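Remarks on the structure that follows.
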There are 2 protein chains.
Amino acid sequence: MKGIRQLAEHLDISIGTVSRALNGKPDVNDETRRRVLAAAEELGYVANQSGRSLRQGMTNVIGLMLEVSRETIENSDDFFLGVTDGLQSVFSRHKLDLVMLPCPDDEDPHEYLKRMVARRLVDALILSATRRTDRRIELLEKARIPFVALGRSASGGSYTWMDLDFEGVAARGVDRLVAKGHRRIAVAAPSSDINLGYLFVDAYRQALQRHGIAFDPALVIRVKSSEQGGYQAGHELLMIEERPTAIILIHELMAIGLYRRLAEAGIVPGRDLAVVGFREEPRTHFLQPTLTSFRMSLRDLGAQLGETLLATMPAYADHYPQGARNRIWPLELVPGESDAFTLNQKNRA
Amino acid sequence: MKGIRQLAEHLDISIGTVSRALNGKPDVNDETRRRVLAAAEELGYVANQSGRSLRQGMTNVIGLMLEVSRETIENSDDFFLGVTDGLQSVFSRHKLDLVMLPCPDDEDPHEYLKRMVARRLVDALILSATRRTDRRIELLEKARIPFVALGRSASGGSYTWMDLDFEGVAARGVDRLVAKGHRRIAVAAPSSDINLGYLFVDAYRQALQRHGIAFDPALVIRVKSSEQGGYQAGHELLMIEERPTAIILIHELMAIGLYRRLAEAGIVPGRDLAVVGFREEPRTHFLQPTLTSFRMSLRDLGAQLGETLLATMPAYADHYPQGARNRIWPLELVPGESDAFTLNQKNRA
DNA sequence: CTGAAAGCGCTTACAG
DNA sequence: CTGAAAGCGCTTACAG
């Protein structure tokens with residue numbers, strides 16, 4: 001089956017009527033509609049997207065931009081596929097398809113995005129891994145393409161974003177550790193310009209202040225957001241004079257590398273050092289001792305993200321009246337053994 | 001900047017000339033071309049893809065279909081992102097963009113693919129996770145869409161595929177283990193209909209035969225292709241009477257789960273049981289004792305896959321004269337400690 | 001309820 | 001070397 005013209009000829013009616021029948025418009029005779037639908041099914045006709053897009057000015061495709069660096073490849077976790085799952089559960093209600101747009105490492109993300117926008121492959125976009133200063137946001141605002149940022153940024157005007165509650169992780173991590181007697185609490189924060197690093201360290205500093213603990217810059221260990229980064233964090237932690245008694249991590253895979261480095265040094269998490277991990281992930285499930293970490297549903301996050309995006313799109317906003325606002329996604333603390341001990345006086349600094 | 005019409009008005013020339021200049025056609029005055037290019041750059045004009053696609057009958061987009069199940073989400077590894085990287089390195093030479101098409105778990109892959117094909121979002125497709133019987137192949141053959149399957153299948157006619165050398169893994173694994181004195185060698189094979197399971201078990205059986213060892217169906221442990229599957233494989237292995245002295249795995253993450261189950265039973269890989277893992281992966285690097293496994297470059301595989309696909313596309317075939325043939329991708333054995341011991345007579349069955 | 005026609009934004013023979 | 005025009009496959013006012 002080629003195009004709508006062939007289908008119309010086959011049915012011996014006009015292409016306008018075929019189109020109306022296929023698109024569920026009213027004002028089509030029931031019997032006619034039935035015949036058209038049956039013939040389309042039988043002949044495997046589906047409208048050519050370029051033709052539709054050109055006429056309608058929209059593609060019915062949503063893009064999720066991904067940045068694929070060596071580091072993200074080697075530290076693939078379940079985050080994006082999990083979120084994708086939730087996104088699609090929302091988009092499928094509206095016959096929208098999701099495509100993932102992987103920006104290669106050797107291409108400038110800004111240029112890549114510009115090209116995708118200009119080509120009008122998608123009606124709307126989801127950004128991720130937002131940086132403190134992120135030119136992509138201004139680009140999309142200027143191009144007037146609906147988008148949602150998964151992650152906050154200091155760039156841009158009044159765009160819509162969703163983000164994880166990094167502040168909550170910092171605050172609850174510190175509260176919990178202080179309650180167990182810790183005063184020297186380190187954090188492993190990202191060394192990159194990714195925005196969450198700023199949010200996390202700020203919140204950590206504020207939490208310390210609340211407890212009357214002085215902020216010590218030496219306890220902010222800057223490493224890559226990866227398993228290797230966790231290993232490195234462990235390494236640097238061991239070299240701090242007046243060694244911290246606890247550490248909070250801000251990437252899911254850091255715990256694995258950290259445990260490894262600690263094991264090499266004969267240090268047992270939950271006995272010699274309190275460890276609070278970040279997001280619970282299949283790979284961290286089997287750490288021994290079990291890791292205190294934070295739980296969230298990737299699928300639910302994806303679904304909410306999808307609804308938020310649709311709420312910013314004129315064609316779908318009516319379905320999501322509450323939708324177009326910024327949201328912080330909560331994480332639930334799941335206690336493990338990695339920070340289970342209470343510091344006695346002798347150990348305290 | 002809206003469309004080519006506005007750009008042409010701005011330059012006070014016809015849209016035809018603008019188009020020719022932009023697309024690098026000959027027969028355009030150098031000065032005219034220069035002006036057009038400069039104006040397009042300045043005004044940020046890029047051709048609307050729907051308009052181009054409709055006229056040219058191609059989209060300049062290649063799709064990589066992914067099946068996203070709960071299991072694949074939870075067992076995300078570096079495979080697809082790594083391959084994507086290599087694919088893009090080839091596609092970018094021809095100004096082709098790659099999009100990943102994630103088929104949701106709750107949608108029939110065949111229907112999903114049908115929709116993508118019918119909508120003509122992409123010019124060509126890459127399939128992955130091919131099954132023994134895979135209707136997607138016939139669908140694409142019938143639709144006359146260029147495609148390459150990453151993975152063999154018993155379905156379809158004379159399509160082009162690329163696949164990993166599962167037979168080589170089985171053969172070299174068995175050879176190596178037999179040389180170390182093993183006779184009872186188990187394999188952990190996928191429980192699904194994925195085609196590689198058939199190839200692997202057949203090759204395993206042939207390798208045993210070559211060494212005059214009887215094939216024992218009880219030693220083919222069917223589990224999920226995942227970390228959990230590896231754990232399960234360990235569990236089942238322990239229950240086999242006349243326990244195997246070695247096991248070969250056919251999924252990268254199985255080793256992690258297997259090690260865990262063995263540790264629970266107090267069994268040490270490389271001392272009490274010989275373990276040959278599958279593909280070397282960042283997550284398996286840190287297993288102790290180090291894992292004997294197979295190495296390959298995902299990026300090189302992706303690049304080869306990209307060239308093979310382009311060779312099947314009339315518009316690009318000329319660039320890749322050697323391209324459109326089936327290829328088995330080799331893996332290099334990397335010895336580790338997990339199978340380093342030689343079985344002494346006492347231990348032999 | 002249906003048909004005829006316009007037009008979305010491009011590229012490309014064709015004429016000059 | 002450039003312009004005018006056709007037409008890719010659709011959807012949608014508009015007329016009847």
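Numbering starts fresh at 1 for the residues of each chain in the structure tokens, the chains themselves are lettered A, B, ... in the order given, and ligands are numbered from 1 as they appear.
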
Set out as a Markdown table a contact list for chain B and chain C with a cut-off of 9 Å, giving each residue of chain B that qualifies its closest atom pair and distance in Å to one decimal, counting only C-alpha atoms (C1' of nucleotides), ordered by chain and rising residue number.
```
| residue | atom | partner | partner_atom | distance |
| --- | --- | --- | --- | --- |
| B:Gly3 | CA | C:DG9 | C1' | 6.9 |
| B:Ile4 | CA | C:DG9 | C1' | 7.4 |
| B:Arg5 | CA | C:DG9 | C1' | 8.5 |
| B:Gly16 | CA | C:DT11 | C1' | 7.8 |
| B:Ser19 | CA | C:DT11 | C1' | 7.2 |
| B:Arg20 | CA | C:DT11 | C1' | 8.3 |
| B:Ala47 | CA | C:DC10 | C1' | 7.5 |
| B:Asn48 | CA | C:DG9 | C1' | 6.6 |
| B:Gln49 | CA | C:DC10 | C1' | 8.3 |
| B:Ser50 | CA | C:DG9 | C1' | 7.5 |
| B:Gly51 | CA | C:DC10 | C1' | 4.3 |
| B:Arg52 | CA | C:DC10 | C1' | 4.9 |
| B:Ser53 | CA | C:DC10 | C1' | 8.2 |
| B:Leu54 | CA | C:DC10 | C1' | 7.7 |
| B:Arg55 | CA | C:DT11 | C1' | 6.2 |
| B:Gln56 | CA | C:DT11 | C1' | 7.0 |
```

Looking only at the backbone, which of the residues in range 76-285 of chain A does DSSP tag as strand (DSSP E), as a PyMOL selection string? chain A and resi 97-104+124-128+147-150+160-164+185-190+220-223+246-249+274-279

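For the pair CA of Ala218 in chain A and CA of Gly270 in chain A, the interatomic distance is 22.3 Å.
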
If we count only C-alpha atoms, which residues of chain A reach to within 7 Å of chain B? Please list them as an mmCIF file with C-alpha atoms, in the first residue's frame.
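Listed below is the output, part-v5.cif:
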```
data_model
loop_
_atom_site.group_PDB
_atom_site.id
_atom_site.type_symbol
_atom_site.label_atom_id
_atom_site.label_comp_id
_atom_site.auth_asym_id
_atom_site.auth_seq_id
_atom_site.Cartn_x
_atom_site.Cartn_y
_atom_site.Cartn_z
ATOM 1 C CA VAL A 46 -0.696 4.155 7.762
ATOM 2 C CA ALA A 47 -0.385 7.827 6.953
ATOM 3 C CA ASN A 48 3.023 9.032 5.888
ATOM 4 C CA GLN A 49 4.321 11.139 8.719
ATOM 5 C CA SER A 50 6.083 13.680 6.540
ATOM 6 C CA GLY A 51 2.861 14.472 4.748
ATOM 7 C CA SER A 53 3.707 16.836 9.636
ATOM 8 C CA LEU A 54 3.989 19.227 6.776
ATOM 9 C CA ILE A 73 28.485 4.600 28.545
ATOM 10 C CA GLU A 74 30.662 2.933 31.109
ATOM 11 C CA SER A 76 25.056 3.025 32.253
ATOM 12 C CA ASP A 77 22.425 2.575 34.887
ATOM 13 C CA ASP A 78 18.698 2.068 34.819
ATOM 14 C CA LEU A 81 15.381 3.456 30.392
ATOM 15 C CA GLY A 82 13.302 3.581 33.559
ATOM 16 C CA ASP A 85 9.115 3.653 30.404
ATOM 17 C CA VAL A 99 12.440 8.882 20.382
ATOM 18 C CA MET A 100 15.730 9.091 22.186
ATOM 19 C CA LEU A 101 18.207 11.494 20.650
ATOM 20 C CA PRO A 102 21.722 10.499 21.616
ATOM 21 C CA PRO A 104 27.569 11.957 20.467
ATOM 22 C CA ALA A 118 15.669 23.162 13.148
ATOM 23 C CA ARG A 119 14.852 19.930 11.400
ATOM 24 C CA ARG A 120 11.584 19.775 13.320
ATOM 25 C CA LEU A 121 11.873 16.081 13.904
ATOM 26 C CA PRO A 282 19.699 -2.856 41.032
#
```

Residues within 9 Å of Met296 in chain B, only C-alpha atoms (C1' of nucleotides), excluding chain neighbours under 5 positions, as JSON, numbers by chain: {"B": [279, 280, 301, 329, 330, 331, 332]}

Deliver the residues from the most recent selection as a file, using N, CA and C atoms, as an mmCIF file, in the first residue's frame.
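Result file is selection.cif:
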```cif
data_model
loop_
_atom_site.group_PDB
_atom_site.id
_atom_site.type_symbol
_atom_site.label_atom_id
_atom_site.label_comp_id
_atom_site.auth_asym_id
_atom_site.auth_seq_id
_atom_site.Cartn_x
_atom_site.Cartn_y
_atom_site.Cartn_z
ATOM 1 N N ARG B 279 30.984 -11.273 28.104
ATOM 2 C CA ARG B 279 31.659 -10.062 27.651
ATOM 3 C C ARG B 279 32.183 -9.247 28.833
ATOM 4 N N GLU B 280 33.388 -8.812 28.701
ATOM 5 C CA GLU B 280 33.994 -7.928 29.674
ATOM 6 C C GLU B 280 33.168 -6.649 29.744
ATOM 7 N N LEU B 301 32.290 -2.343 16.869
ATOM 8 C CA LEU B 301 31.136 -3.123 16.427
ATOM 9 C C LEU B 301 30.076 -2.193 15.852
ATOM 10 N N TRP B 329 31.163 -11.110 14.610
ATOM 11 C CA TRP B 329 32.094 -10.226 15.302
ATOM 12 C C TRP B 329 32.893 -11.015 16.339
ATOM 13 N N PRO B 330 34.216 -11.007 16.211
ATOM 14 C CA PRO B 330 35.040 -11.829 17.099
ATOM 15 C C PRO B 330 35.168 -11.230 18.503
ATOM 16 N N LEU B 331 35.408 -12.088 19.452
ATOM 17 C CA LEU B 331 35.679 -11.647 20.826
ATOM 18 C C LEU B 331 37.003 -12.260 21.249
ATOM 19 N N GLU B 332 37.762 -11.517 21.979
ATOM 20 C CA GLU B 332 39.092 -11.950 22.374
ATOM 21 C C GLU B 332 39.085 -12.427 23.821
#
```
